[in-house]
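Participant: Dropping a structure here in structure tokens format, bear with me for questions.
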Amino acid sequence: MEYAKNKDTGEIISAVNDMTAQIDKKINEAKNIIFSKNFDKLGERCPECGAGILRIVNRRSDGHPFLGCSNYKQGCKYSLNIG
Ligand SMILES: [Zn+2]
């Protein structure tokens, strides 16, 4: 069996570093959510429509998470910032 050449090893290491950086970013995002305001409302019934449950949604425009109603597709626009 032939060992990977140095170049390949370098590429693997940089790929792993990229993944690690992305994981770190996700962990930091999760920490920000946990310690942010309104997070304790996660899973509560929506106060606006009374039917949906509040859940984390990633805003499409900038990827920032907020609490949104699970009834969104049925027309409920309720949302809370958790930033
Ligand atoms: Zn709702």
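Ordering of the structure tokens sets the chain letters (A, B, ...), residue numbers begin anew at 1 in every chain, and ligands are numbered from 1 in the order given.
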Taking only C-alpha atoms and all ligand atoms and a cut-off of 12 Å, can you tell me which residues surround ligand 1, written as a ChimeraX atom specification?

Facilitator: /A:43-55,67-80

Participant: Emit the selected residues as a PDB file, in the first residue's frame, including N, CA and C atoms.

Facilitator:
ATOM      1  N   GLY A  43     -40.394  26.903  21.506  1.00  0.00           N
ATOM      2  CA  GLY A  43     -41.277  25.774  21.805  1.00  0.00           C
ATOM      3  C   GLY A  43     -42.612  26.178  22.403  1.00  0.00           C
ATOM      4  N   GLU A  44     -42.757  27.494  22.727  1.00  0.00           N
ATOM      5  CA  GLU A  44     -44.043  27.957  23.259  1.00  0.00           C
ATOM      6  C   GLU A  44     -45.052  28.127  22.130  1.00  0.00           C
ATOM      7  N   ARG A  45     -46.321  28.126  22.504  1.00  0.00           N
ATOM      8  CA  ARG A  45     -47.374  28.340  21.521  1.00  0.00           C
ATOM      9  C   ARG A  45     -47.338  29.785  21.028  1.00  0.00           C
ATOM     10  N   CYS A  46     -47.552  29.959  19.755  1.00  0.00           N
ATOM     11  CA  CYS A  46     -47.523  31.289  19.154  1.00  0.00           C
ATOM     12  C   CYS A  46     -48.626  32.168  19.744  1.00  0.00           C
ATOM     13  N   PRO A  47     -48.264  33.361  20.268  1.00  0.00           N
ATOM     14  CA  PRO A  47     -49.266  34.238  20.889  1.00  0.00           C
ATOM     15  C   PRO A  47     -50.174  34.912  19.854  1.00  0.00           C
ATOM     16  N   GLU A  48     -49.764  34.883  18.604  1.00  0.00           N
ATOM     17  CA  GLU A  48     -50.551  35.580  17.586  1.00  0.00           C
ATOM     18  C   GLU A  48     -51.668  34.698  17.011  1.00  0.00           C
ATOM     19  N   CYS A  49     -51.318  33.517  16.538  1.00  0.00           N
ATOM     20  CA  CYS A  49     -52.333  32.665  15.912  1.00  0.00           C
ATOM     21  C   CYS A  49     -52.834  31.590  16.875  1.00  0.00           C
ATOM     22  N   GLY A  50     -52.083  31.333  17.937  1.00  0.00           N
ATOM     23  CA  GLY A  50     -52.524  30.356  18.935  1.00  0.00           C
ATOM     24  C   GLY A  50     -52.448  28.907  18.472  1.00  0.00           C
ATOM     25  N   ALA A  51     -52.005  28.692  17.246  1.00  0.00           N
ATOM     26  CA  ALA A  51     -51.972  27.332  16.702  1.00  0.00           C
ATOM     27  C   ALA A  51     -50.543  26.835  16.494  1.00  0.00           C
ATOM     28  N   GLY A  52     -49.646  27.751  16.099  1.00  0.00           N
ATOM     29  CA  GLY A  52     -48.272  27.348  15.803  1.00  0.00           C
ATOM     30  C   GLY A  52     -47.419  27.306  17.047  1.00  0.00           C
ATOM     31  N   ILE A  53     -46.212  26.777  16.873  1.00  0.00           N
ATOM     32  CA  ILE A  53     -45.220  26.699  17.945  1.00  0.00           C
ATOM     33  C   ILE A  53     -44.024  27.545  17.511  1.00  0.00           C
ATOM     34  N   LEU A  54     -43.434  28.282  18.459  1.00  0.00           N
ATOM     35  CA  LEU A  54     -42.273  29.108  18.119  1.00  0.00           C
ATOM     36  C   LEU A  54     -41.036  28.228  17.952  1.00  0.00           C
ATOM     37  N   ARG A  55     -40.347  28.465  16.871  1.00  0.00           N
ATOM     38  CA  ARG A  55     -39.160  27.670  16.552  1.00  0.00           C
ATOM     39  C   ARG A  55     -38.109  28.562  15.908  1.00  0.00           C
ATOM     40  N   LEU A  67     -36.872  33.670  16.103  1.00  0.00           N
ATOM     41  CA  LEU A  67     -37.970  32.775  16.440  1.00  0.00           C
ATOM     42  C   LEU A  67     -39.140  33.088  15.525  1.00  0.00           C
ATOM     43  N   GLY A  68     -39.634  32.071  14.870  1.00  0.00           N
ATOM     44  CA  GLY A  68     -40.769  32.235  13.985  1.00  0.00           C
ATOM     45  C   GLY A  68     -41.839  31.209  14.324  1.00  0.00           C
ATOM     46  N   CYS A  69     -43.024  31.427  13.796  1.00  0.00           N
ATOM     47  CA  CYS A  69     -44.157  30.549  14.074  1.00  0.00           C
ATOM     48  C   CYS A  69     -44.154  29.370  13.099  1.00  0.00           C
ATOM     49  N   SER A  70     -44.421  28.160  13.635  1.00  0.00           N
ATOM     50  CA  SER A  70     -44.463  26.977  12.766  1.00  0.00           C
ATOM     51  C   SER A  70     -45.676  27.032  11.839  1.00  0.00           C
ATOM     52  N   ASN A  71     -46.573  27.975  12.104  1.00  0.00           N
ATOM     53  CA  ASN A  71     -47.763  28.152  11.277  1.00  0.00           C
ATOM     54  C   ASN A  71     -47.516  29.144  10.145  1.00  0.00           C
ATOM     55  N   TYR A  72     -46.237  29.475   9.947  1.00  0.00           N
ATOM     56  CA  TYR A  72     -45.840  30.490   8.968  1.00  0.00           C
ATOM     57  C   TYR A  72     -46.436  30.225   7.582  1.00  0.00           C
ATOM     58  N   LYS A  73     -46.373  28.969   7.165  1.00  0.00           N
ATOM     59  CA  LYS A  73     -46.857  28.628   5.815  1.00  0.00           C
ATOM     60  C   LYS A  73     -48.362  28.807   5.687  1.00  0.00           C
ATOM     61  N   GLN A  74     -49.047  28.796   6.858  1.00  0.00           N
ATOM     62  CA  GLN A  74     -50.494  29.032   6.845  1.00  0.00           C
ATOM     63  C   GLN A  74     -50.801  30.517   6.985  1.00  0.00           C
ATOM     64  N   GLY A  75     -49.747  31.345   6.961  1.00  0.00           N
ATOM     65  CA  GLY A  75     -49.964  32.790   6.904  1.00  0.00           C
ATOM     66  C   GLY A  75     -49.613  33.558   8.158  1.00  0.00           C
ATOM     67  N   CYS A  76     -49.179  32.888   9.245  1.00  0.00           N
ATOM     68  CA  CYS A  76     -48.824  33.615  10.465  1.00  0.00           C
ATOM     69  C   CYS A  76     -47.438  34.236  10.295  1.00  0.00           C
ATOM     70  N   LYS A  77     -47.348  35.536  10.564  1.00  0.00           N
ATOM     71  CA  LYS A  77     -46.097  36.257  10.344  1.00  0.00           C
ATOM     72  C   LYS A  77     -45.380  36.582  11.656  1.00  0.00           C
ATOM     73  N   TYR A  78     -45.833  35.984  12.743  1.00  0.00           N
ATOM     74  CA  TYR A  78     -45.249  36.313  14.049  1.00  0.00           C
ATOM     75  C   TYR A  78     -43.773  35.956  14.071  1.00  0.00           C
ATOM     76  N   SER A  79     -42.947  36.875  14.604  1.00  0.00           N
ATOM     77  CA  SER A  79     -41.527  36.581  14.740  1.00  0.00           C
ATOM     78  C   SER A  79     -40.941  37.351  15.914  1.00  0.00           C
ATOM     79  N   LEU A  80     -39.892  36.815  16.509  1.00  0.00           N
ATOM     80  CA  LEU A  80     -39.188  37.450  17.608  1.00  0.00           C
ATOM     81  C   LEU A  80     -37.703  37.407  17.323  1.00  0.00           C
TER      82      LEU A  80
END

Participant: As a PyMOL selection string, list the residues of chain A assigned to strand (DSSP E or B) by DSSP on the backbone atoms of this structure.

Facilitator: chain A and resi 45+53-58+65-69+79-81

Participant: Please report, as a ChimeraX atom specification, each residue of chain A to which DSSP assigns helix (DSSP H, G or I) when run on this structure's backbone.

Facilitator: /A:6-34,39-41,72-74

Participant: Save the residues we just selected, N, CA and C atoms, as a compact mmCIF listing (two decimals), in the first residue's frame?

Facilitator:
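Output file again.txt is given in full below:
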# COMPACT_ATOMS: atom_id res chain seq x y z
N ASN A 6 2.80 14.04 -0.02
CA ASN A 6 2.75 15.22 0.84
C ASN A 6 1.70 16.23 0.39
N LYS A 7 1.60 16.42 -0.90
CA LYS A 7 0.65 17.39 -1.44
C LYS A 7 -0.77 17.01 -1.02
N ASP A 8 -1.09 15.71 -1.17
CA ASP A 8 -2.43 15.25 -0.79
C ASP A 8 -2.67 15.46 0.70
N THR A 9 -1.63 15.14 1.49
CA THR A 9 -1.77 15.31 2.94
C THR A 9 -2.06 16.77 3.27
N GLY A 10 -1.32 17.67 2.58
CA GLY A 10 -1.55 19.10 2.79
C GLY A 10 -2.97 19.50 2.46
N GLU A 11 -3.50 18.94 1.38
CA GLU A 11 -4.87 19.27 0.99
C GLU A 11 -5.87 18.75 2.02
N ILE A 12 -5.59 17.54 2.52
CA ILE A 12 -6.49 16.97 3.54
C ILE A 12 -6.47 17.84 4.79
N ILE A 13 -5.25 18.24 5.21
CA ILE A 13 -5.14 19.07 6.42
C ILE A 13 -5.89 20.38 6.24
N SER A 14 -5.76 21.01 5.08
CA SER A 14 -6.44 22.29 4.90
C SER A 14 -7.95 22.08 4.82
N ALA A 15 -8.38 20.95 4.26
CA ALA A 15 -9.82 20.64 4.23
C ALA A 15 -10.35 20.45 5.65
N VAL A 16 -9.58 19.73 6.47
CA VAL A 16 -9.98 19.51 7.87
C VAL A 16 -10.02 20.84 8.62
N ASN A 17 -9.01 21.70 8.37
CA ASN A 17 -9.00 23.01 9.01
C ASN A 17 -10.23 23.83 8.62
N ASP A 18 -10.60 23.76 7.35
CA ASP A 18 -11.80 24.47 6.90
C ASP A 18 -13.03 23.97 7.64
N MET A 19 -13.14 22.63 7.74
CA MET A 19 -14.29 22.04 8.43
C MET A 19 -14.32 22.48 9.88
N THR A 20 -13.14 22.45 10.52
CA THR A 20 -13.06 22.83 11.93
C THR A 20 -13.51 24.28 12.11
N ALA A 21 -13.07 25.14 11.19
CA ALA A 21 -13.45 26.56 11.27
C ALA A 21 -14.97 26.71 11.15
N GLN A 22 -15.54 25.93 10.24
CA GLN A 22 -17.00 26.01 10.06
C GLN A 22 -17.75 25.49 11.28
N ILE A 23 -17.22 24.41 11.87
CA ILE A 23 -17.85 23.86 13.08
C ILE A 23 -17.77 24.88 14.21
N ASP A 24 -16.59 25.52 14.38
CA ASP A 24 -16.43 26.55 15.40
C ASP A 24 -17.46 27.66 15.22
N LYS A 25 -17.65 28.06 13.95
CA LYS A 25 -18.60 29.12 13.64
C LYS A 25 -20.01 28.70 14.07
N LYS A 26 -20.37 27.46 13.74
CA LYS A 26 -21.71 26.95 14.11
C LYS A 26 -21.88 26.90 15.63
N ILE A 27 -20.82 26.48 16.33
CA ILE A 27 -20.89 26.40 17.80
C ILE A 27 -21.09 27.80 18.37
N ASN A 28 -20.36 28.78 17.84
CA ASN A 28 -20.50 30.15 18.31
C ASN A 28 -21.90 30.68 18.04
N GLU A 29 -22.44 30.35 16.86
CA GLU A 29 -23.80 30.77 16.54
C GLU A 29 -24.78 30.17 17.54
N ALA A 30 -24.59 28.88 17.84
CA ALA A 30 -25.48 28.20 18.78
C ALA A 30 -25.38 28.84 20.16
N LYS A 31 -24.15 29.17 20.60
CA LYS A 31 -23.96 29.84 21.89
C LYS A 31 -24.68 31.17 21.90
N ASN A 32 -24.57 31.91 20.80
CA ASN A 32 -25.24 33.21 20.73
C ASN A 32 -26.74 33.06 20.87
N ILE A 33 -27.28 32.01 20.27
CA ILE A 33 -28.72 31.78 20.35
C ILE A 33 -29.11 31.45 21.79
N ILE A 34 -28.35 30.54 22.41
CA ILE A 34 -28.69 30.09 23.76
C ILE A 34 -28.68 31.24 24.75
N PHE A 39 -34.93 33.48 23.85
CA PHE A 39 -34.68 32.07 23.54
C PHE A 39 -35.55 31.16 24.38
N ASP A 40 -35.89 31.61 25.61
CA ASP A 40 -36.73 30.78 26.49
C ASP A 40 -38.14 30.60 25.95
N LYS A 41 -38.48 31.38 24.93
CA LYS A 41 -39.82 31.24 24.33
C LYS A 41 -39.86 30.14 23.28
N TYR A 72 -46.24 29.48 9.95
CA TYR A 72 -45.84 30.49 8.97
C TYR A 72 -46.44 30.23 7.58
N LYS A 73 -46.37 28.97 7.16
CA LYS A 73 -46.86 28.63 5.82
C LYS A 73 -48.36 28.81 5.69
N GLN A 74 -49.05 28.80 6.86
CA GLN A 74 -50.49 29.03 6.84
C GLN A 74 -50.80 30.52 6.99

Participant: If we count only C-alpha atoms and set the cut-off at 6 Å, which residues sit around A:Ile82, ignoring sequence neighbours fewer than 6 positions away in its own chain? Please answer as number ranges by chain.

Facilitator: A: 36-38, 66

Participant: Let's have the selection written as a compact mmCIF listing (two decimals), in the first residue's frame, with N, CA and C atoms.

Facilitator:
# COMPACT_ATOMS: atom_id res chain seq x y z
N SER A 36 -29.08 34.43 24.07
CA SER A 36 -29.75 35.63 23.59
C SER A 36 -31.15 35.74 24.16
N LYS A 37 -31.71 36.94 24.03
CA LYS A 37 -33.06 37.19 24.55
C LYS A 37 -34.10 36.38 23.77
N ASN A 38 -35.21 36.13 24.44
CA ASN A 38 -36.36 35.45 23.85
C ASN A 38 -36.14 33.97 23.59
N PHE A 66 -33.97 33.67 13.95
CA PHE A 66 -34.96 34.33 14.79
C PHE A 66 -36.01 33.31 15.17
